[in-house]
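Source file: protein_4.cif; contents: mmCIF, C-alpha atoms.
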data_work
#
loop_
_atom_site.label_atom_id
_atom_site.label_comp_id
_atom_site.auth_asym_id
_atom_site.auth_seq_id
_atom_site.Cartn_x
_atom_site.Cartn_y
_atom_site.Cartn_z
CA MET A 1 78.88 126.30 99.93
CA PRO A 2 81.67 128.76 100.73
CA GLN A 3 84.85 128.58 98.68
CA ARG A 4 88.21 128.62 100.44
CA GLU A 5 91.78 127.38 100.20
CA GLY A 6 91.86 123.60 99.94
CA VAL A 7 88.15 122.97 99.48
CA ILE A 8 87.32 119.88 97.44
CA GLY A 9 88.60 121.25 94.16
CA ASP A 10 85.97 123.63 92.84
CA SER A 11 83.03 122.45 94.94
CA GLU A 12 80.33 123.33 92.47
CA LYS A 13 82.11 121.59 89.59
CA ILE A 14 82.61 118.47 91.71
CA ILE A 15 78.95 118.43 92.72
CA ASP A 16 77.90 118.95 89.10
CA HIS A 17 80.10 116.03 88.05
CA TRP A 18 78.52 113.55 90.47
CA GLN A 19 74.97 114.87 90.79
CA ARG A 20 73.04 114.20 87.61
CA GLY A 21 69.44 113.76 88.78
CA GLY A 22 67.42 110.59 88.53
CA ILE A 23 70.00 108.30 90.16
CA MET A 24 67.45 106.66 92.46
CA ASP A 25 65.09 106.00 89.56
CA ALA A 26 67.94 104.50 87.52
CA ILE A 27 68.90 102.21 90.40
CA LEU A 28 65.34 100.98 90.93
CA ALA A 29 64.89 100.39 87.20
CA ALA A 30 68.13 98.39 87.01
CA LEU A 31 67.22 96.34 90.09
CA ALA A 32 63.81 95.53 88.63
CA GLU A 33 65.42 94.53 85.31
CA ALA A 34 67.77 92.24 87.25
CA GLY A 35 64.77 90.50 88.82
CA CYS A 36 64.89 92.08 92.29
CA ASP A 37 61.74 93.04 94.18
CA VAL A 38 62.32 96.77 94.69
CA ASN A 39 59.82 96.77 97.56
CA ASP A 40 61.70 94.05 99.42
CA LEU A 41 65.39 94.70 98.85
CA SER A 42 68.35 93.15 100.65
CA ILE A 43 71.98 94.21 101.05
CA ASP A 44 72.95 91.49 98.57
CA ASP A 45 70.52 92.84 95.96
CA ILE A 46 72.10 96.28 95.85
CA SER A 47 75.75 95.48 96.58
CA PRO A 48 76.73 95.11 92.88
CA LEU A 49 76.09 98.82 92.32
CA ASP A 50 76.47 100.71 95.61
CA HIS A 51 80.25 100.45 96.21
CA LEU A 52 81.51 103.24 93.93
CA HIS A 53 85.18 102.34 93.70
CA GLY A 54 87.43 99.86 91.96
CA ARG A 55 86.59 96.19 92.71
CA GLY A 56 83.37 97.22 94.46
CA LEU A 57 82.23 95.13 97.42
CA GLU A 58 85.30 92.91 97.18
CA ALA A 59 87.54 95.93 97.86
CA THR A 60 85.33 97.15 100.70
CA GLU A 61 85.47 93.78 102.44
CA GLU A 62 89.25 93.53 102.12
CA LEU A 63 89.98 97.08 103.24
CA LEU A 64 87.61 97.15 106.19
CA ALA A 65 88.73 93.75 107.45
CA ARG A 66 91.73 95.68 108.82
CA LEU A 67 89.52 97.62 111.24
CA ASN A 68 88.64 95.81 114.44
CA PHE A 69 84.97 96.75 114.62
CA GLU A 70 83.02 96.17 117.81
CA LEU A 71 79.29 96.58 118.43
CA ASP A 72 79.64 99.79 120.47
CA HIS A 73 81.94 101.51 117.96
CA ARG A 74 81.05 104.70 116.14
CA VAL A 75 82.44 104.62 112.62
CA LEU A 76 82.81 107.46 110.10
CA ASP A 77 82.56 106.98 106.33
CA ILE A 78 84.26 109.96 104.66
CA GLY A 79 82.88 110.35 101.14
CA SER A 80 80.04 107.91 101.67
CA GLY A 81 78.58 108.04 98.14
CA ILE A 82 75.27 106.17 97.96
CA GLY A 83 76.04 104.29 101.14
CA GLY A 84 77.13 100.77 100.19
CA PRO A 85 80.15 100.53 102.51
CA ALA A 86 78.21 102.06 105.42
CA ARG A 87 75.44 99.52 104.99
CA TYR A 88 78.04 96.75 104.79
CA VAL A 89 79.63 97.82 108.10
CA ALA A 90 76.31 98.26 109.89
CA SER A 91 74.89 94.93 108.72
CA ARG A 92 78.10 92.90 109.06
CA PHE A 93 79.45 94.27 112.34
CA GLY A 94 76.46 95.93 114.00
CA CYS A 95 78.25 99.28 114.43
CA ARG A 96 76.71 102.71 114.24
CA VAL A 97 77.94 104.45 111.09
CA GLU A 98 77.81 108.08 110.00
CA GLY A 99 78.54 108.99 106.41
CA ILE A 100 79.34 112.37 104.93
CA ASP A 101 79.38 113.31 101.25
CA LEU A 102 79.56 116.57 99.32
CA THR A 103 76.83 115.53 96.88
CA GLN A 104 73.29 115.98 98.15
CA GLU A 105 71.80 113.54 95.63
CA PHE A 106 74.16 110.81 96.84
CA CYS A 107 73.06 111.47 100.42
CA ASP A 108 69.40 111.32 99.44
CA VAL A 109 69.88 108.04 97.56
CA ALA A 110 71.94 106.62 100.43
CA LYS A 111 69.16 107.39 102.90
CA GLU A 112 66.47 105.86 100.69
CA LEU A 113 68.39 102.66 100.01
CA THR A 114 69.20 102.37 103.70
CA ARG A 115 65.51 102.77 104.55
CA ARG A 116 64.61 100.05 102.06
CA VAL A 117 67.00 97.55 103.67
CA GLU A 118 65.85 98.56 107.19
CA LEU A 119 69.15 99.92 108.50
CA SER A 120 68.14 103.54 109.13
CA ASP A 121 68.36 103.06 112.88
CA GLN A 122 72.10 102.31 112.57
CA ILE A 123 73.24 104.73 109.87
CA GLU A 124 73.05 108.49 109.33
CA PHE A 125 74.12 110.35 106.21
CA HIS A 126 75.11 114.02 106.15
CA GLN A 127 75.73 116.37 103.25
CA GLY A 128 78.93 118.21 104.01
CA ASP A 129 82.58 118.98 103.36
CA ALA A 130 85.26 116.42 104.17
CA LEU A 131 87.64 119.34 104.77
CA ALA A 132 85.48 120.74 107.56
CA LEU A 133 83.86 117.70 109.17
CA PRO A 134 80.84 118.71 111.26
CA PHE A 135 81.78 116.34 114.08
CA GLY A 136 83.51 116.78 117.39
CA ASP A 137 87.12 116.01 118.19
CA MET A 138 87.88 112.39 119.08
CA SER A 139 84.34 111.17 118.28
CA TYR A 140 84.96 107.91 116.38
CA GLU A 141 86.71 104.64 117.05
CA HIS A 142 87.46 104.15 113.34
CA ALA A 143 87.05 105.91 110.00
CA TYR A 144 87.49 104.94 106.38
CA THR A 145 87.52 106.57 102.97
CA GLN A 146 87.52 104.95 99.53
CA ASN A 147 88.57 106.71 96.34
CA VAL A 148 87.62 110.17 97.57
CA SER A 149 90.82 112.20 97.72
CA MET A 150 91.26 112.37 93.93
CA ASN A 151 88.96 115.42 93.98
CA ILE A 152 90.82 117.03 96.88
CA ALA A 153 93.73 119.42 96.39
CA ASN A 154 94.55 119.91 100.07
CA LYS A 155 95.44 116.39 101.21
CA ALA A 156 96.83 117.60 104.54
CA LEU A 157 93.49 119.17 105.49
CA PHE A 158 91.58 116.09 104.33
CA TYR A 159 93.66 113.65 106.39
CA GLY A 160 93.98 116.17 109.21
CA GLU A 161 90.22 116.29 109.66
CA ALA A 162 90.11 112.49 109.80
CA PHE A 163 92.86 112.55 112.44
CA ARG A 164 90.95 115.17 114.47
CA VAL A 165 87.72 113.19 114.75
CA LEU A 166 89.38 109.87 115.58
CA LYS A 167 89.78 108.81 119.18
CA PRO A 168 93.34 108.08 120.35
CA GLY A 169 94.21 104.61 119.07
CA GLY A 170 91.58 104.88 116.33
CA LEU A 171 92.31 103.62 112.83
CA LEU A 172 91.80 105.21 109.44
CA ALA A 173 91.56 102.86 106.44
CA ALA A 174 92.00 104.57 103.09
CA ALA A 175 91.77 103.26 99.54
CA GLU A 176 93.49 105.79 97.31
CA LEU A 177 94.53 106.32 93.73
CA VAL A 178 97.93 107.99 93.46
CA LYS A 179 100.11 109.17 90.60
CA GLY A 180 102.16 106.53 88.83
CA PRO A 181 105.39 107.04 86.89
CA ALA A 182 103.98 106.58 83.38
CA GLY A 183 102.57 110.02 82.64
CA GLU A 184 99.28 111.88 82.67
CA LEU A 185 95.90 110.27 83.19
CA ILE A 186 93.49 109.49 80.39
CA TYR A 187 90.35 111.63 80.67
CA PRO A 188 87.48 111.57 81.29
CA MET A 189 87.88 109.59 84.51
CA PRO A 190 85.09 108.41 86.84
CA TRP A 191 85.82 111.33 89.21
CA ALA A 192 86.72 114.09 86.75
CA GLU A 193 86.08 115.11 83.17
CA THR A 194 89.40 117.01 82.92
CA PRO A 195 92.55 117.61 84.99
CA ALA A 196 90.94 120.77 86.40
CA THR A 197 89.17 118.83 89.15
CA SER A 198 91.57 115.92 89.55
CA PHE A 199 94.29 116.05 92.22
CA LEU A 200 96.49 113.00 92.68
CA ALA A 201 99.50 112.91 94.97
CA ASP A 202 102.21 110.29 94.55
CA MET A 203 102.99 107.49 97.00
CA ASP A 204 105.81 109.32 98.78
CA GLU A 205 103.74 112.49 99.16
CA THR A 206 100.84 110.47 100.58
CA ARG A 207 103.00 108.71 103.16
CA LYS A 208 104.76 111.95 104.14
CA THR A 209 101.48 113.85 104.55
CA LEU A 210 99.99 111.18 106.80
CA GLN A 211 103.09 111.05 108.97
CA GLN A 212 103.37 114.83 109.24
CA ILE A 213 99.79 114.99 110.50
CA GLY A 214 100.72 112.52 113.23
CA PHE A 215 99.40 109.21 111.94
CA GLU A 216 101.34 106.01 112.56
CA ILE A 217 101.43 103.95 109.34
CA VAL A 218 100.21 100.40 109.98
CA GLU A 219 99.93 99.23 106.35
CA PHE A 220 100.87 100.91 103.08
CA ASN A 221 100.20 98.64 100.12
CA ASP A 222 100.38 99.04 96.35
CA THR A 223 97.41 96.94 95.15
CA THR A 224 98.09 97.13 91.40
CA LYS A 225 98.50 93.36 91.07
CA THR A 226 95.17 92.74 92.79
CA MET A 227 93.43 95.27 90.55
CA LEU A 228 94.90 93.79 87.36
CA GLU A 229 93.75 90.32 88.39
CA PHE A 230 90.27 91.75 88.99
CA TYR A 231 90.23 93.27 85.50
CA GLU A 232 91.13 89.89 84.00
CA ARG A 233 88.26 88.20 85.81
CA ALA A 234 85.84 90.98 84.90
CA ARG A 235 86.74 90.78 81.21
CA ALA A 236 86.38 87.02 81.15
CA LYS A 237 82.96 87.31 82.77
CA LEU A 238 81.95 90.04 80.32
CA GLU A 239 82.95 87.85 77.38
CA ALA A 240 81.07 84.86 78.77
CA GLU A 241 77.93 86.59 80.04
CA GLY A 242 77.71 89.97 78.33
CA PRO A 243 77.37 93.38 80.03
CA PRO A 244 76.00 93.21 83.58
CA ILE A 245 72.70 94.84 84.44
CA LEU A 246 73.94 95.97 87.85
CA GLY A 247 77.20 97.83 88.37
CA ASN A 248 78.74 101.24 88.98
CA HIS A 249 77.66 102.28 85.50
CA VAL A 250 74.08 102.61 86.78
CA VAL A 251 75.16 105.45 89.09
CA LEU A 252 77.88 106.97 86.89
CA GLY A 253 75.54 107.50 83.97
CA PRO A 254 75.79 107.53 80.17
CA ASP A 255 79.58 108.01 79.93
CA ALA A 256 80.35 105.34 82.52
CA LYS A 257 81.82 102.81 80.09
CA LYS A 258 84.39 105.25 78.71
CA LYS A 259 85.32 106.55 82.16
CA LEU A 260 85.77 103.09 83.64
CA GLN A 261 87.81 101.98 80.63
CA ASN A 262 90.06 105.02 80.99
CA SER A 263 90.57 104.30 84.66
CA ALA A 264 91.50 100.68 83.93
CA ARG A 265 93.91 101.69 81.16
CA SER A 266 95.56 104.25 83.42
CA ILE A 267 96.21 101.58 86.06
CA GLU A 268 97.37 99.00 83.51
CA GLN A 269 99.79 101.52 81.97
CA GLY A 270 101.15 102.70 85.31
CA ARG A 271 99.66 106.19 85.15
CA ILE A 272 97.75 105.44 88.38
CA ILE A 273 98.70 103.27 91.34
CA PRO A 274 95.88 101.93 93.56
CA LEU A 275 96.93 102.14 97.18
CA GLU A 276 95.50 100.84 100.45
CA VAL A 277 96.60 102.47 103.69
CA VAL A 278 95.79 101.76 107.32
CA CYS A 279 97.05 104.29 109.84
CA ARG A 280 96.51 104.95 113.53
CA ARG A 281 96.07 108.04 115.63
CA PRO A 282 98.55 107.34 118.46
CA ALA A 283 97.02 106.28 121.76
CA VAL A 284 98.93 108.99 123.63
#

What is this file in structure tokens?
Amino acid sequence: MPQREGVIGDSEKIIDHWQRGGIMDAILAALAEAGCDVNDLSIDDISPLDHLHGRGLEATEELLARLNFELDHRVLDIGSGIGGPARYVASRFGCRVEGIDLTQEFCDVAKELTRRVELSDQIEFHQGDALALPFGDMSYEHAYTQNVSMNIANKALFYGEAFRVLKPGGLLAAAELVKGPAGELIYPMPWAETPATSFLADMDETRKTLQQIGFEIVEFNDTTKTMLEFYERARAKLEAEGPPILGNHVVLGPDAKKKLQNSARSIEQGRIIPLEVVCRRPAV
């Protein structure tokens, strides 16, 4: 992949971070251990592990409830991972969804899981660069992105590409992690081993960038309280039931526990602020 100003950090390092080989096998093994029939899977079976962001499916449902999906809508998932949110949108709302992700292994796993839950006729996944979306201008009614921009240095190009492919009046829903006031992050994080491939803006920079591109801000919400409440519930469940078989750790690999703990500590200490944004490309 060519290197240029603003590309997703160092592309090869980002790909190496996420692509570890054997993810599909690990998922199938975990599903079988959890008692699922891997030859007859449902959306509900795989949802505990295929939403690769804080609060998982719960966060996807809450964020995407802001988008007024209709059956004939085309929807773009920017940074689609292994496809959980795209499958949620297609199955829940009946839309056609296209996902794009830098990591080829994620795209391959997304396609296979989508085939296994019989949604391939509604969803397409593409390997590609979020800073040079391979889609035409004004192609989508809505778009969304969840915990993707942390690997992206050039936020203006990232959001600008989303603006370009949205139809006038179209909405972008974004779940972001931004810099808090309490100092540097604790590494390794789920998205980066070191600061070299981690790029967080602060809340004011994020708002300013979106507005300079031309977006109208519809919602701009600090969701720290919601995330802290989720951590409390998760810890209580862990204490009562022990470690879950299914979760993001299956995809993140051997260091998942440390990375997820560091992410939680960074939010609890105010080093990171979780943010949810809904913005609109103006109708005229």

Taking (89.6, 107.2, 118.8) in the file's coordinates, which residues come within 9 Å, counting only C-alpha atoms, written as a PDB file with C-alpha atoms, in the coordinates of the input?
ATOM      1  CA  MET A 138      87.880 112.390 119.080  1.00  0.00           C
ATOM      2  CA  SER A 139      84.340 111.170 118.280  1.00  0.00           C
ATOM      3  CA  TYR A 140      84.960 107.910 116.380  1.00  0.00           C
ATOM      4  CA  GLU A 141      86.710 104.640 117.050  1.00  0.00           C
ATOM      5  CA  HIS A 142      87.460 104.150 113.340  1.00  0.00           C
ATOM      6  CA  PHE A 163      92.860 112.550 112.440  1.00  0.00           C
ATOM      7  CA  VAL A 165      87.720 113.190 114.750  1.00  0.00           C
ATOM      8  CA  LEU A 166      89.380 109.870 115.580  1.00  0.00           C
ATOM      9  CA  LYS A 167      89.780 108.810 119.180  1.00  0.00           C
ATOM     10  CA  PRO A 168      93.340 108.080 120.350  1.00  0.00           C
ATOM     11  CA  GLY A 169      94.210 104.610 119.070  1.00  0.00           C
ATOM     12  CA  GLY A 170      91.580 104.880 116.330  1.00  0.00           C
ATOM     13  CA  LEU A 171      92.310 103.620 112.830  1.00  0.00           C
ATOM     14  CA  ARG A 280      96.510 104.950 113.530  1.00  0.00           C
ATOM     15  CA  ARG A 281      96.070 108.040 115.630  1.00  0.00           C
ATOM     16  CA  PRO A 282      98.550 107.340 118.460  1.00  0.00           C
ATOM     17  CA  ALA A 283      97.020 106.280 121.760  1.00  0.00           C
TER      18      ALA A 283
END

I'd like a table as a tab-separated table: residues in region 53-119 of chain A with an atom no more than 12 Å from region 256-273 of chain A, each row giving the shortest atom pair and its distance in Å to one decimal, all atoms listed in the file counted, sorted by chain and rising residue number.
residue	atom	partner	partner_atom	distance
A:His53	CA	A:Leu260	CA	10.1
A:Gly54	CA	A:Ala264	CA	9.0
A:Arg55	CA	A:Ala264	CA	11.0

I'd like the neighbourhood of Gly56 (chain A) as JSON, numbers by chain, where a residue qualifies if any of its atoms comes within 10 Å (using all atoms listed in the file), though same-chain residues fewer than 4 positions away should be ignored.
{"A": [47, 48, 49, 50, 51, 52, 60, 61, 84, 85, 247, 248]}

If you count only C-alpha atoms, which residues fall within 12 Å of Glu62 (chain A), apart from same-chain ones fewer than 5 positions away, as a list of chain:residue names?
A:Arg55, A:Gly56, A:Leu57, A:Leu67, A:Pro85, A:Tyr88, A:Gln146, A:Ala173, A:Ala174, A:Ala175, A:Thr223, A:Thr226, A:Glu276, A:Val277, A:Val278

Please identify every residue of region 208-272 of chain A that has at least one atom no farther than 8 Å from an atom of region 20-41 of chain A, counting only C-alpha atoms, and for each give the shortest atom pair and the distance in Å to one decimal, arranged by chain then increasing number, as JSON lines.
{"residue": "A:Ile245", "atom": "CA", "partner": "A:Ala34", "partner_atom": "CA", "distance": 6.2}
{"residue": "A:Leu246", "atom": "CA", "partner": "A:Ala30", "partner_atom": "CA", "distance": 6.3}
{"residue": "A:Val250", "atom": "CA", "partner": "A:Ile27", "partner_atom": "CA", "distance": 6.3}
{"residue": "A:Val251", "atom": "CA", "partner": "A:Ile23", "partner_atom": "CA", "distance": 6.0}

Region 166-186 of chain A dumped to file, C-alpha atoms, as a CSV table (one decimal), in the first residue's frame:
chain,number,residue,atom,x,y,z
A,166,LEU,CA,-22.4,11.0,2.1
A,167,LYS,CA,-25.4,12.2,0.2
A,168,PRO,CA,-26.6,15.7,1.1
A,169,GLY,CA,-28.6,15.3,4.4
A,170,GLY,CA,-26.7,12.1,5.2
A,171,LEU,CA,-25.6,11.4,8.7
A,172,LEU,CA,-22.2,10.2,10.1
A,173,ALA,CA,-22.3,8.6,13.5
A,174,ALA,CA,-18.9,8.3,15.2
A,175,ALA,CA,-17.7,6.7,18.4
A,176,GLU,CA,-14.3,8.1,19.2
A,177,LEU,CA,-11.7,8.1,21.9
A,178,VAL,CA,-10.1,11.5,22.5
A,179,LYS,CA,-7.4,12.9,24.7
A,180,GLY,CA,-8.4,13.7,28.3
A,181,PRO,CA,-6.7,16.2,30.6
A,182,ALA,CA,-5.0,13.7,32.9
A,183,GLY,CA,-1.8,12.9,30.9
A,184,GLU,CA,-0.4,10.3,28.6
A,185,LEU,CA,-2.1,6.9,27.8
A,186,ILE,CA,-1.0,3.7,29.4
